[in-house]
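Student: Data file entry_7.cif (mmCIF, C-alpha atoms) is appended below.
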```
data_run
loop_
_atom_site.group_PDB
_atom_site.id
_atom_site.type_symbol
_atom_site.label_atom_id
_atom_site.label_comp_id
_atom_site.auth_asym_id
_atom_site.auth_seq_id
_atom_site.Cartn_x
_atom_site.Cartn_y
_atom_site.Cartn_z
ATOM 1 C CA MET A 1 0.000 0.000 0.000
ATOM 2 C CA ASP A 2 1.227 3.446 -0.830
ATOM 3 C CA LYS A 3 -1.042 5.278 1.652
ATOM 4 C CA ILE A 4 -2.856 4.455 4.875
ATOM 5 C CA GLN A 5 -5.216 6.320 7.234
ATOM 6 C CA LEU A 6 -5.030 5.978 11.034
ATOM 7 C CA LYS A 7 -7.600 7.972 12.997
ATOM 8 C CA ASP A 8 -7.162 11.617 11.950
ATOM 9 C CA LYS A 9 -3.783 11.175 10.210
ATOM 10 C CA ARG A 10 -2.773 10.133 6.700
ATOM 11 C CA PHE A 11 0.501 8.332 6.077
ATOM 12 C CA LYS A 12 2.488 7.532 2.934
ATOM 13 C CA LEU A 13 4.969 4.734 2.272
ATOM 14 C CA PHE A 14 8.409 5.593 3.670
ATOM 15 C CA ILE A 15 10.492 2.392 4.042
ATOM 16 C CA PRO A 16 9.450 -0.788 2.200
ATOM 17 C CA GLU A 17 9.627 -4.188 3.886
ATOM 18 C CA ALA A 18 12.526 -5.364 1.684
ATOM 19 C CA GLU A 19 14.757 -2.527 2.948
ATOM 20 C CA ILE A 20 13.809 -3.324 6.557
ATOM 21 C CA LYS A 21 14.705 -7.020 6.091
ATOM 22 C CA LYS A 22 18.141 -6.136 4.657
ATOM 23 C CA ALA A 23 18.868 -3.868 7.630
ATOM 24 C CA ILE A 24 17.835 -6.576 10.117
ATOM 25 C CA ALA A 25 20.056 -9.193 8.415
ATOM 26 C CA ARG A 26 23.013 -6.770 8.594
ATOM 27 C CA ILE A 27 22.421 -6.083 12.303
ATOM 28 C CA ALA A 28 22.174 -9.827 13.047
ATOM 29 C CA GLY A 29 25.504 -10.461 11.321
ATOM 30 C CA ASN A 30 27.194 -7.701 13.325
ATOM 31 C CA ILE A 31 25.760 -8.909 16.624
ATOM 32 C CA LYS A 32 26.742 -12.541 15.977
ATOM 33 C CA SER A 33 30.403 -11.616 15.534
ATOM 34 C CA ASP A 34 30.359 -9.432 18.690
ATOM 35 C CA ILE A 35 28.766 -11.912 21.116
ATOM 36 C CA GLU A 36 30.559 -15.161 20.386
ATOM 37 C CA GLY A 37 31.334 -16.921 23.671
ATOM 38 C CA LYS A 38 29.375 -14.447 25.835
ATOM 39 C CA ASP A 39 26.426 -15.062 28.179
ATOM 40 C CA VAL A 40 23.863 -12.941 26.344
ATOM 41 C CA LEU A 41 20.360 -11.855 27.272
ATOM 42 C CA PHE A 42 18.348 -10.203 24.505
ATOM 43 C CA VAL A 43 15.623 -7.888 25.832
ATOM 44 C CA CYS A 44 12.830 -6.877 23.479
ATOM 45 C CA VAL A 45 11.405 -3.519 24.538
ATOM 46 C CA LEU A 46 7.648 -3.734 24.045
ATOM 47 C CA ASN A 47 5.391 -2.843 22.464
ATOM 48 C CA GLY A 48 7.090 -1.393 19.431
ATOM 49 C CA ALA A 49 10.094 -3.702 19.037
ATOM 50 C CA PHE A 50 8.151 -6.976 18.831
ATOM 51 C CA MET A 51 8.404 -7.257 15.032
ATOM 52 C CA PHE A 52 12.047 -6.174 14.910
ATOM 53 C CA ALA A 53 12.973 -8.581 17.744
ATOM 54 C CA SER A 54 11.150 -11.500 16.146
ATOM 55 C CA GLU A 55 12.794 -11.008 12.763
ATOM 56 C CA LEU A 56 16.222 -10.337 14.292
ATOM 57 C CA MET A 57 16.116 -13.462 16.450
ATOM 58 C CA ALA A 58 15.099 -15.554 13.416
ATOM 59 C CA GLU A 59 18.227 -14.218 11.667
ATOM 60 C CA MET A 60 20.366 -15.001 14.732
ATOM 61 C CA ASP A 61 19.192 -18.639 14.529
ATOM 62 C CA GLY A 62 20.779 -19.827 17.749
ATOM 63 C CA SER A 63 20.248 -20.746 21.376
ATOM 64 C CA TYR A 64 19.903 -17.336 22.994
ATOM 65 C CA GLU A 65 17.898 -16.229 26.002
ATOM 66 C CA VAL A 66 15.230 -13.692 25.080
ATOM 67 C CA SER A 67 13.149 -11.650 27.479
ATOM 68 C CA PHE A 68 10.640 -8.836 27.277
ATOM 69 C CA ALA A 69 10.242 -5.534 29.074
ATOM 70 C CA ARG A 70 7.946 -2.593 28.608
ATOM 71 C CA TYR A 71 8.627 1.078 29.186
ATOM 72 C CA SER A 72 6.797 4.111 27.908
ATOM 73 C CA SER A 73 7.568 7.775 27.427
ATOM 74 C CA TYR A 74 5.189 8.571 24.542
ATOM 75 C CA ALA A 75 1.635 9.816 24.168
ATOM 76 C CA GLY A 76 0.216 10.426 20.697
ATOM 77 C CA THR A 77 3.001 11.695 18.452
ATOM 78 C CA GLY A 78 5.408 13.037 21.086
ATOM 79 C CA SER A 79 7.591 12.138 24.032
ATOM 80 C CA THR A 80 6.299 12.977 27.509
ATOM 81 C CA GLY A 81 9.857 13.105 28.896
ATOM 82 C CA VAL A 82 8.840 10.786 31.737
ATOM 83 C CA LEU A 83 9.992 7.146 31.749
ATOM 84 C CA LYS A 84 7.162 4.894 32.858
ATOM 85 C CA GLU A 85 8.153 1.344 33.863
ATOM 86 C CA ILE A 86 5.286 -0.952 32.923
ATOM 87 C CA MET A 87 6.949 -4.386 32.802
ATOM 88 C CA PRO A 88 10.553 -4.432 34.101
ATOM 89 C CA ILE A 89 13.228 -6.970 33.132
ATOM 90 C CA LYS A 90 12.837 -9.957 35.456
ATOM 91 C CA GLU A 91 15.952 -11.983 34.536
ATOM 92 C CA ASN A 92 19.194 -11.700 36.470
ATOM 93 C CA VAL A 93 21.528 -9.493 34.406
ATOM 94 C CA LYS A 94 24.490 -9.549 36.810
ATOM 95 C CA GLY A 95 27.712 -10.350 34.945
ATOM 96 C CA ARG A 96 25.922 -10.785 31.600
ATOM 97 C CA THR A 97 25.903 -9.069 28.250
ATOM 98 C CA VAL A 98 22.471 -7.520 27.712
ATOM 99 C CA ILE A 99 21.385 -6.452 24.242
ATOM 100 C CA LEU A 100 18.355 -4.178 24.230
ATOM 101 C CA LEU A 101 16.192 -4.479 21.114
ATOM 102 C CA GLU A 102 14.359 -1.239 20.400
ATOM 103 C CA ASP A 103 12.131 -0.232 17.494
ATOM 104 C CA ILE A 104 13.181 3.416 17.300
ATOM 105 C CA ILE A 105 15.412 5.872 19.117
ATOM 106 C CA ASP A 106 14.003 9.355 18.945
ATOM 107 C CA THR A 107 14.840 11.586 21.925
ATOM 108 C CA GLY A 108 16.833 8.706 23.448
ATOM 109 C CA PHE A 109 15.352 9.306 26.901
ATOM 110 C CA THR A 110 13.920 5.798 27.413
ATOM 111 C CA MET A 111 17.074 3.931 26.384
ATOM 112 C CA TYR A 112 19.446 6.311 28.186
ATOM 113 C CA ASN A 113 17.668 5.635 31.475
ATOM 114 C CA LEU A 114 17.286 1.912 30.837
ATOM 115 C CA LEU A 115 21.006 1.507 30.010
ATOM 116 C CA ALA A 116 21.909 3.222 33.292
ATOM 117 C CA ARG A 117 19.478 1.020 35.222
ATOM 118 C CA LEU A 118 20.930 -2.191 33.729
ATOM 119 C CA LYS A 119 24.468 -1.132 34.633
ATOM 120 C CA GLU A 120 23.274 -0.452 38.198
ATOM 121 C CA MET A 121 21.784 -3.974 38.213
ATOM 122 C CA GLY A 122 25.257 -5.386 37.485
ATOM 123 C CA ALA A 123 25.194 -6.118 33.746
ATOM 124 C CA GLU A 124 28.764 -6.626 32.552
ATOM 125 C CA GLU A 125 28.013 -5.042 29.188
ATOM 126 C CA VAL A 126 24.902 -3.385 27.770
ATOM 127 C CA LYS A 127 24.469 -2.928 24.039
ATOM 128 C CA LEU A 128 21.661 -1.265 22.146
ATOM 129 C CA ALA A 129 20.241 -2.460 18.831
ATOM 130 C CA THR A 130 17.618 -0.272 17.183
ATOM 131 C CA MET A 131 15.753 -0.769 13.945
ATOM 132 C CA LEU A 132 15.421 2.997 13.398
ATOM 133 C CA PHE A 133 17.421 5.956 14.658
ATOM 134 C CA LYS A 134 16.611 9.674 14.457
ATOM 135 C CA PRO A 135 19.978 11.290 15.305
ATOM 136 C CA GLU A 136 18.586 14.812 14.784
ATOM 137 C CA SER A 137 15.947 14.205 17.496
ATOM 138 C CA LEU A 138 18.374 12.885 20.125
ATOM 139 C CA ARG A 139 18.227 14.893 23.361
ATOM 140 C CA CYS A 140 20.697 12.979 25.520
ATOM 141 C CA GLU A 141 24.118 11.389 25.237
ATOM 142 C CA LEU A 142 23.355 8.025 23.667
ATOM 143 C CA LYS A 143 25.034 6.076 20.889
ATOM 144 C CA PRO A 144 23.331 2.879 19.694
ATOM 145 C CA ASP A 145 25.682 -0.040 19.008
ATOM 146 C CA TYR A 146 23.618 -1.395 16.100
ATOM 147 C CA VAL A 147 21.426 0.755 13.853
ATOM 148 C CA GLY A 148 19.200 -0.589 11.093
ATOM 149 C CA ILE A 149 18.214 2.635 9.304
ATOM 150 C CA GLN A 150 18.837 6.302 10.137
ATOM 151 C CA ILE A 151 15.824 8.499 9.416
ATOM 152 C CA PRO A 152 14.960 12.209 9.660
ATOM 153 C CA PRO A 153 12.830 13.540 12.548
ATOM 154 C CA ALA A 154 9.394 12.573 11.246
ATOM 155 C CA PHE A 155 6.546 10.647 12.864
ATOM 156 C CA ILE A 156 6.256 7.139 11.456
ATOM 157 C CA VAL A 157 4.103 4.017 11.880
ATOM 158 C CA GLY A 158 4.231 0.398 10.824
ATOM 159 C CA HIS A 159 6.539 -2.533 11.518
ATOM 160 C CA GLY A 160 5.770 -2.326 15.243
ATOM 161 C CA LEU A 161 5.458 1.457 15.488
ATOM 162 C CA ASP A 162 2.049 2.911 16.278
ATOM 163 C CA TYR A 163 -0.114 5.993 16.402
ATOM 164 C CA ASP A 164 -2.198 5.704 19.592
ATOM 165 C CA GLY A 165 -2.086 1.911 19.392
ATOM 166 C CA LEU A 166 -2.860 1.593 15.676
ATOM 167 C CA GLY A 167 -0.651 0.707 12.710
ATOM 168 C CA ARG A 168 1.817 -1.709 14.331
ATOM 169 C CA ALA A 169 1.022 -4.693 12.056
ATOM 170 C CA TYR A 170 1.988 -3.101 8.732
ATOM 171 C CA ARG A 171 5.082 -4.724 7.189
ATOM 172 C CA ASP A 172 6.235 -1.443 5.644
ATOM 173 C CA ILE A 173 6.930 1.820 7.481
ATOM 174 C CA TYR A 174 4.849 4.923 6.747
ATOM 175 C CA VAL A 175 5.429 8.621 7.413
ATOM 176 C CA ILE A 176 2.817 11.342 8.051
ATOM 177 C CA ASP A 177 1.623 12.744 4.716
ATOM 178 C CA ASP A 178 1.057 16.477 5.279
#
```
How does the structure come out when it is put into structure tokens?
Tutor:
Amino acid sequence: MDKIQLKDKRFKLFIPEAEIKKAIARIAGNIKSDIEGKDVLFVCVLNGAFMFASELMAEMDGSYEVSFARYSSYAGTGSTGVLKEIMPIKENVKGRTVILLEDIIDTGFTMYNLLARLKEMGAEEVKLATMLFKPESLRCELKPDYVGIQIPPAFIVGHGLDYDGLGRAYRDIYVIDD
């Protein structure tokens, strides 16, 4: 589909599924070479990263521990600036390599705080893999270890990303069509 409608907003095709799949395969290859011989815990940050995490783990094709956590700092199309812990990481991270799987890094606030929390919990190493990265929107000191696609500061939906809960199941990524 070239265009979609979600509530009061129109969106147009921005990143096709084929480009997303290539980026995920590249990230998986980079991670595999970095984690050989390490005790790794992958943490999918819900809700948005579920599609990215699923496809990435299929590319990893190995015996890895995967967990899920949920944090929120968004309402509608913008960041609230407040990190809300909805479902914390339950696994023991002490002495382990933790790789956070995130759908998008925008302001960076959520991941910045989560990285600090994991280090406080005793993780030996914390790495960040994100499907999408908006470097122009970053408002804190954060550098993802693995980036699928860099994008400009625009509001997008699809491939796990939503607009007030809608649009996550699209395979492609769409941008607001003004």
Student: For the structure provided, state which residues fall under the PyMOL selection byres ((chain A and resi 142-159) around 9), and present them as a VMD selection string.
Tutor: chain A and resid 11 14 17 19 to 20 22 to 24 26 to 27 30 to 31 48 to 52 77 to 78 103 105 to 106 108 to 109 111 to 112 127 to 141 160 to 163 166 to 176
Student: Considering all atoms listed in the file, state which residue in the set A:Arg96, A:Met57, A:Arg70, A:Asp178 is at the smallest distance from Leu83 of chain A.
Tutor: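 Going through A:Arg96, A:Met57, A:Arg70, A:Asp178 one by one, the smallest distance to Leu83 of chain A is for A:Arg70.
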Student: Mind giving me the straight-line distance from atom CA of Gln5 of chain A to atom CA of Asn47 of chain A in Å, one decimal?
Tutor: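 These two atoms are separated by 20.7 Å.
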Student: Could you please determine the separation between atom CA of Val40 of chain A and atom CA of Ser72 of chain A in Å, to one decimal place?
Tutor: 24.2 Å
Student: Please list as a list of chain:residue names every residue within 12 Å of Lys38 of chain A, counting only C-alpha atoms and excluding residues in the same chain fewer than 3 positions away.
Tutor: A:Ile31, A:Lys32, A:Ser33, A:Asp34, A:Ile35, A:Leu41, A:Phe42, A:Ser63, A:Tyr64, A:Glu65, A:Gly95, A:Arg96, A:Thr97, A:Val98, A:Ile99, A:Glu124, A:Glu125
Student: Using C-alpha atoms, can you export the residues from the last selection as a PDB file, in the coordinates of the input?
Tutor:
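File written: again-v8.pdb
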```pdb
ATOM      1  CA  ILE A  31      25.760  -8.909  16.624  1.00  0.00           C
ATOM      2  CA  LYS A  32      26.742 -12.541  15.977  1.00  0.00           C
ATOM      3  CA  SER A  33      30.403 -11.616  15.534  1.00  0.00           C
ATOM      4  CA  ASP A  34      30.359  -9.432  18.690  1.00  0.00           C
ATOM      5  CA  ILE A  35      28.766 -11.912  21.116  1.00  0.00           C
ATOM      6  CA  LEU A  41      20.360 -11.855  27.272  1.00  0.00           C
ATOM      7  CA  PHE A  42      18.348 -10.203  24.505  1.00  0.00           C
ATOM      8  CA  SER A  63      20.248 -20.746  21.376  1.00  0.00           C
ATOM      9  CA  TYR A  64      19.903 -17.336  22.994  1.00  0.00           C
ATOM     10  CA  GLU A  65      17.898 -16.229  26.002  1.00  0.00           C
ATOM     11  CA  GLY A  95      27.712 -10.350  34.945  1.00  0.00           C
ATOM     12  CA  ARG A  96      25.922 -10.785  31.600  1.00  0.00           C
ATOM     13  CA  THR A  97      25.903  -9.069  28.250  1.00  0.00           C
ATOM     14  CA  VAL A  98      22.471  -7.520  27.712  1.00  0.00           C
ATOM     15  CA  ILE A  99      21.385  -6.452  24.242  1.00  0.00           C
ATOM     16  CA  GLU A 124      28.764  -6.626  32.552  1.00  0.00           C
ATOM     17  CA  GLU A 125      28.013  -5.042  29.188  1.00  0.00           C
TER      18      GLU A 125
END
```
Student: Padding of 3 Å on every side, edges along x, y and z, all listed atoms of segment 150-168 of chain A included: what centre and edge lengths in Å, to one decimal, does that box have, as AutoDock Vina command-line options?
Tutor:
```
--center_x 8.0 --center_y 5.5 --center_z 14.5 --size_x 27.7 --size_y 22.1 --size_z 16.2
```
Student: What is the atom CA of Leu6 of chain A-atom CA of Leu56 of chain A distance in Å, reported with one decimal?
Tutor: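 Going from atom CA of Leu6 of chain A over to atom CA of Leu56 of chain A, I get 27.0 Å.
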Student: Counting only C-alpha atoms, what is within 8 Å of Asp177 of chain A, bar same-chain residues fewer than 6 positions away, as JSON, numbers by chain?
Tutor: {"A": [9, 10, 11, 12]}
Student: Residues as selected, C-alpha atoms, written as a compact mmCIF listing (two decimals), keeping the file's coordinate frame, can you do that?
Tutor:
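That gives us selection.txt:
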```txt
# COMPACT_ATOMS: atom_id res chain seq x y z
CA LYS A 9 -3.78 11.18 10.21
CA ARG A 10 -2.77 10.13 6.70
CA PHE A 11 0.50 8.33 6.08
CA LYS A 12 2.49 7.53 2.93
```
Student: Here is a test: counting only C-alpha atoms, which residue of A:Ala123, A:Ala18, A:Leu115, A:Ala69 is nearest to Val43 of chain A?
Tutor: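 Residue with the minimum atom-to-atom distance to Val43 of chain A: A:Ala69.
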Student: Got a sec to resolve the PyMOL selection byres ((chain A and resi 90) around 10) on this structure and send the residues as a PyMOL selection string?
Tutor: chain A and resi 67-69+87-89+91-93
